[in-house]
Amino acid sequence: MRSLLFIGLAAILTSCSPPKSEAVNIDAALRNIYFWDGKEVTVVGWLGLCSGLNCGLYPTQKDALTVVQMDSNSDEWSKAVERGLGVGFVGGFDEKAAPLQFHRVKIRGRLNDDCRLFWQNTCYDRVDDIIPISIEPA
């Protein structure tokens, strides 16, 4: 009986740990952002416009383009933003990201749930759902 309890507890705890070497998609990162808060992960997605107060990683290229091209008051724009992961500002990151905009990339970074908390479900300007460490083509 004890061993079953231990195995069950171990399974729960390991499910809260981000994968060490494999990349996850945006949906998995968003689904686990509270459990993986402060942990390093690699996330794969489509990089949107990345400069100034905007930088996002999206599940599709269409979402990345929608956020840039559409009116921010439209439902389609809002849904695309909600499906995305905000990429925080770190000195030199935007310059590295510039040639990869609107391409599929892997971003290694530290997840941050501050803008996803139930009492503060939105942040403005440069949302930092992931604080980037590195970026490379996927």
# chains A, B, ... in the order shown; residues from 1 in each chain; ligands from 1

call {"tool": "select_by_dssp", "arguments": {"residues": "chain A", "states": "alpha helix (DSSP H)", "output": "VMD selection string"}}
result
chain A and resid 2 to 15 26 to 31 61 to 69 75 to 83 93 to 97

call {"tool": "closest_atom_pairs", "arguments": {"of": "range 81-135 of chain A", "to": "range 13-37 of chain A", "cutoff": "8 Å", "atoms": "only C-alpha atoms", "output": "tab-separated table"}}
result
residue	atom	partner	partner_atom	distance
A:Arg83	CA	A:Asp27	CA	7.6
A:Gly84	CA	A:Ile26	CA	7.0
A:Leu85	CA	A:Ile26	CA	6.8
A:Lys106	CA	A:Ala23	CA	7.5
A:Arg110	CA	A:Asp37	CA	7.5
A:Leu111	CA	A:Asp37	CA	5.1
A:Asn112	CA	A:Asp37	CA	5.0
A:Asp113	CA	A:Asp37	CA	5.8

call {"tool": "residues_around", "arguments": {"residues": "Val105 in chain A", "least_positions_apart": "3", "cutoff": "6 Å", "atoms": "only C-alpha atoms", "output": "ChimeraX atom specification"}}
result
/A:44-45,136-138

call {"tool": "residues_around", "arguments": {"residues": "Trp77 in chain A", "least_positions_apart": "3", "cutoff": "10 Å", "atoms": "only C-alpha atoms", "output": "CSV table (one decimal) with N, CA and C atoms, in the first residue's frame"}}
result
chain,number,residue,atom,x,y,z
A,63,ASP,N,-1.9,33.2,-36.6
A,63,ASP,CA,-2.1,34.0,-35.4
A,63,ASP,C,-1.1,35.1,-35.3
A,64,ALA,N,0.2,34.8,-35.6
A,64,ALA,CA,1.2,35.8,-35.5
A,64,ALA,C,0.9,37.0,-36.4
A,65,LEU,N,0.5,36.7,-37.7
A,65,LEU,CA,0.1,37.7,-38.6
A,65,LEU,C,-1.1,38.5,-38.2
A,66,THR,N,-2.1,37.8,-37.7
A,66,THR,CA,-3.4,38.4,-37.3
A,66,THR,C,-3.1,39.5,-36.2
A,67,VAL,N,-2.2,39.2,-35.3
A,67,VAL,CA,-2.0,40.1,-34.2
A,67,VAL,C,-1.3,41.4,-34.8
A,68,VAL,N,-0.6,41.3,-35.8
A,68,VAL,CA,0.1,42.5,-36.4
A,68,VAL,C,-0.8,43.2,-37.4
A,69,GLN,N,-1.6,42.5,-38.1
A,69,GLN,CA,-2.4,43.1,-39.2
A,69,GLN,C,-3.8,43.5,-38.9
A,70,MET,N,-4.4,43.0,-37.8
A,70,MET,CA,-5.8,43.3,-37.6
A,70,MET,C,-6.0,44.3,-36.5
A,71,ASP,N,-7.2,44.9,-36.5
A,71,ASP,CA,-7.6,45.8,-35.5
A,71,ASP,C,-7.7,45.2,-34.1
A,72,SER,N,-7.1,45.8,-33.1
A,72,SER,CA,-7.0,45.2,-31.8
A,72,SER,C,-8.4,45.2,-31.1
A,73,ASN,N,-9.4,45.7,-31.7
A,73,ASN,CA,-10.8,45.6,-31.2
A,73,ASN,C,-11.6,44.5,-31.7
A,74,SER,N,-11.0,43.7,-32.7
A,74,SER,CA,-11.7,42.6,-33.3
A,74,SER,C,-11.6,41.3,-32.4
A,80,ALA,N,-6.5,35.4,-31.1
A,80,ALA,CA,-5.1,35.1,-31.5
A,80,ALA,C,-4.1,35.5,-30.3
A,81,VAL,N,-4.4,36.7,-29.7
A,81,VAL,CA,-3.5,37.1,-28.6
A,81,VAL,C,-3.6,36.1,-27.4
A,82,GLU,N,-4.8,35.7,-27.1
A,82,GLU,CA,-5.1,34.7,-26.0
A,82,GLU,C,-4.4,33.4,-26.2

call {"tool": "closest_residue", "arguments": {"among": "A:Pro132, A:Pro59, A:Gly38, A:Gly109", "to": "Val90 in chain A", "atoms": "only C-alpha atoms"}}
result
A:Pro132

call {"tool": "decode", "arguments": {"residues": "range 30-131 of chain A", "atoms": "C-alpha atoms", "output": "PDB file, in the first residue's frame"}}
result
ATOM      1  CA  LEU A  30       0.070  27.848 -21.193  1.00  0.00           C
ATOM      2  CA  ARG A  31      -1.663  24.830 -19.652  1.00  0.00           C
ATOM      3  CA  ASN A  32       1.242  24.357 -17.214  1.00  0.00           C
ATOM      4  CA  ILE A  33       2.327  27.968 -16.651  1.00  0.00           C
ATOM      5  CA  TYR A  34       1.279  27.892 -12.967  1.00  0.00           C
ATOM      6  CA  PHE A  35       3.114  24.616 -12.287  1.00  0.00           C
ATOM      7  CA  TRP A  36       6.205  25.611 -14.273  1.00  0.00           C
ATOM      8  CA  ASP A  37       6.349  29.212 -13.019  1.00  0.00           C
ATOM      9  CA  GLY A  38      10.018  30.193 -12.647  1.00  0.00           C
ATOM     10  CA  LYS A  39      11.254  27.064 -14.434  1.00  0.00           C
ATOM     11  CA  GLU A  40      13.270  26.964 -17.665  1.00  0.00           C
ATOM     12  CA  VAL A  41      11.515  25.456 -20.678  1.00  0.00           C
ATOM     13  CA  THR A  42      11.922  25.426 -24.442  1.00  0.00           C
ATOM     14  CA  VAL A  43       8.768  26.410 -26.310  1.00  0.00           C
ATOM     15  CA  VAL A  44       8.179  26.008 -30.048  1.00  0.00           C
ATOM     16  CA  GLY A  45       5.900  28.354 -31.976  1.00  0.00           C
ATOM     17  CA  TRP A  46       5.634  31.112 -34.548  1.00  0.00           C
ATOM     18  CA  LEU A  47       7.344  34.352 -33.580  1.00  0.00           C
ATOM     19  CA  GLY A  48       5.320  37.483 -34.231  1.00  0.00           C
ATOM     20  CA  LEU A  49       6.542  41.052 -34.429  1.00  0.00           C
ATOM     21  CA  CYS A  50       9.195  41.460 -31.773  1.00  0.00           C
ATOM     22  CA  SER A  51      10.166  45.034 -30.975  1.00  0.00           C
ATOM     23  CA  GLY A  52       9.401  47.737 -28.469  1.00  0.00           C
ATOM     24  CA  LEU A  53       6.295  46.915 -26.438  1.00  0.00           C
ATOM     25  CA  ASN A  54       5.298  43.854 -28.471  1.00  0.00           C
ATOM     26  CA  CYS A  55       6.661  40.352 -28.766  1.00  0.00           C
ATOM     27  CA  GLY A  56       4.691  37.142 -28.918  1.00  0.00           C
ATOM     28  CA  LEU A  57       4.991  33.472 -29.722  1.00  0.00           C
ATOM     29  CA  TYR A  58       1.923  31.914 -31.384  1.00  0.00           C
ATOM     30  CA  PRO A  59       0.715  28.408 -32.227  1.00  0.00           C
ATOM     31  CA  THR A  60       0.287  29.289 -35.918  1.00  0.00           C
ATOM     32  CA  GLN A  61       1.760  31.708 -38.408  1.00  0.00           C
ATOM     33  CA  LYS A  62      -1.789  32.930 -39.064  1.00  0.00           C
ATOM     34  CA  ASP A  63      -2.132  33.987 -35.404  1.00  0.00           C
ATOM     35  CA  ALA A  64       1.224  35.798 -35.508  1.00  0.00           C
ATOM     36  CA  LEU A  65       0.140  37.713 -38.620  1.00  0.00           C
ATOM     37  CA  THR A  66      -3.368  38.397 -37.270  1.00  0.00           C
ATOM     38  CA  VAL A  67      -1.961  40.136 -34.199  1.00  0.00           C
ATOM     39  CA  VAL A  68       0.098  42.468 -36.402  1.00  0.00           C
ATOM     40  CA  GLN A  69      -2.369  43.074 -39.227  1.00  0.00           C
ATOM     41  CA  MET A  70      -5.801  43.272 -37.597  1.00  0.00           C
ATOM     42  CA  ASP A  71      -7.621  45.834 -35.512  1.00  0.00           C
ATOM     43  CA  SER A  72      -7.039  45.225 -31.802  1.00  0.00           C
ATOM     44  CA  ASN A  73     -10.770  45.638 -31.171  1.00  0.00           C
ATOM     45  CA  SER A  74     -11.706  42.603 -33.278  1.00  0.00           C
ATOM     46  CA  ASP A  75     -12.641  39.220 -31.803  1.00  0.00           C
ATOM     47  CA  GLU A  76     -10.221  37.464 -34.143  1.00  0.00           C
ATOM     48  CA  TRP A  77      -7.331  39.604 -32.862  1.00  0.00           C
ATOM     49  CA  SER A  78      -8.283  38.983 -29.200  1.00  0.00           C
ATOM     50  CA  LYS A  79      -8.476  35.214 -29.717  1.00  0.00           C
ATOM     51  CA  ALA A  80      -5.091  35.143 -31.471  1.00  0.00           C
ATOM     52  CA  VAL A  81      -3.514  37.088 -28.589  1.00  0.00           C
ATOM     53  CA  GLU A  82      -5.064  34.719 -26.010  1.00  0.00           C
ATOM     54  CA  ARG A  83      -3.591  31.699 -27.809  1.00  0.00           C
ATOM     55  CA  GLY A  84      -0.138  33.274 -27.723  1.00  0.00           C
ATOM     56  CA  LEU A  85       2.640  33.463 -25.188  1.00  0.00           C
ATOM     57  CA  GLY A  86       4.060  36.899 -24.410  1.00  0.00           C
ATOM     58  CA  VAL A  87       7.842  37.108 -24.743  1.00  0.00           C
ATOM     59  CA  GLY A  88       9.440  39.445 -22.204  1.00  0.00           C
ATOM     60  CA  PHE A  89      12.132  42.029 -22.842  1.00  0.00           C
ATOM     61  CA  VAL A  90      15.760  41.111 -22.269  1.00  0.00           C
ATOM     62  CA  GLY A  91      18.553  43.290 -23.635  1.00  0.00           C
ATOM     63  CA  GLY A  92      19.717  42.121 -27.073  1.00  0.00           C
ATOM     64  CA  PHE A  93      16.869  39.622 -27.569  1.00  0.00           C
ATOM     65  CA  ASP A  94      14.903  41.696 -30.094  1.00  0.00           C
ATOM     66  CA  GLU A  95      17.979  42.059 -32.280  1.00  0.00           C
ATOM     67  CA  LYS A  96      18.507  38.283 -32.268  1.00  0.00           C
ATOM     68  CA  ALA A  97      14.786  37.710 -32.926  1.00  0.00           C
ATOM     69  CA  ALA A  98      14.439  40.255 -35.773  1.00  0.00           C
ATOM     70  CA  PRO A  99      15.457  37.931 -38.648  1.00  0.00           C
ATOM     71  CA  LEU A 100      13.216  35.166 -37.226  1.00  0.00           C
ATOM     72  CA  GLN A 101       9.980  37.161 -37.067  1.00  0.00           C
ATOM     73  CA  PHE A 102       7.044  35.250 -38.610  1.00  0.00           C
ATOM     74  CA  HIS A 103       9.094  32.044 -38.657  1.00  0.00           C
ATOM     75  CA  ARG A 104       8.816  28.921 -36.520  1.00  0.00           C
ATOM     76  CA  VAL A 105      11.276  29.162 -33.627  1.00  0.00           C
ATOM     77  CA  LYS A 106      12.348  27.593 -30.352  1.00  0.00           C
ATOM     78  CA  ILE A 107      12.642  29.942 -27.401  1.00  0.00           C
ATOM     79  CA  ARG A 108      14.394  28.787 -24.257  1.00  0.00           C
ATOM     80  CA  GLY A 109      13.321  30.806 -21.253  1.00  0.00           C
ATOM     81  CA  ARG A 110      11.845  31.006 -17.795  1.00  0.00           C
ATOM     82  CA  LEU A 111       8.046  30.812 -17.578  1.00  0.00           C
ATOM     83  CA  ASN A 112       6.285  33.518 -15.583  1.00  0.00           C
ATOM     84  CA  ASP A 113       2.628  33.345 -14.492  1.00  0.00           C
ATOM     85  CA  ASP A 114       2.334  36.944 -13.205  1.00  0.00           C
ATOM     86  CA  CYS A 115       0.049  38.036 -16.061  1.00  0.00           C
ATOM     87  CA  ARG A 116      -2.035  34.847 -15.881  1.00  0.00           C
ATOM     88  CA  LEU A 117      -3.128  35.039 -12.242  1.00  0.00           C
ATOM     89  CA  PHE A 118      -6.879  34.937 -11.627  1.00  0.00           C
ATOM     90  CA  TRP A 119      -7.008  38.413 -10.059  1.00  0.00           C
ATOM     91  CA  GLN A 120      -4.873  39.897 -12.847  1.00  0.00           C
ATOM     92  CA  ASN A 121      -5.803  38.121 -16.053  1.00  0.00           C
ATOM     93  CA  THR A 122      -4.208  40.619 -18.349  1.00  0.00           C
ATOM     94  CA  CYS A 123      -1.079  42.716 -18.611  1.00  0.00           C
ATOM     95  CA  TYR A 124      -0.327  45.460 -21.057  1.00  0.00           C
ATOM     96  CA  ASP A 125       2.712  46.400 -23.080  1.00  0.00           C
ATOM     97  CA  ARG A 126       5.488  43.793 -23.069  1.00  0.00           C
ATOM     98  CA  VAL A 127       3.909  40.730 -21.436  1.00  0.00           C
ATOM     99  CA  ASP A 128       6.529  38.369 -20.061  1.00  0.00           C
ATOM    100  CA  ASP A 129       4.878  34.925 -20.001  1.00  0.00           C
ATOM    101  CA  ILE A 130       8.329  33.663 -20.957  1.00  0.00           C
ATOM    102  CA  ILE A 131      11.509  35.545 -20.135  1.00  0.00           C
TER     103      ILE A 131
END
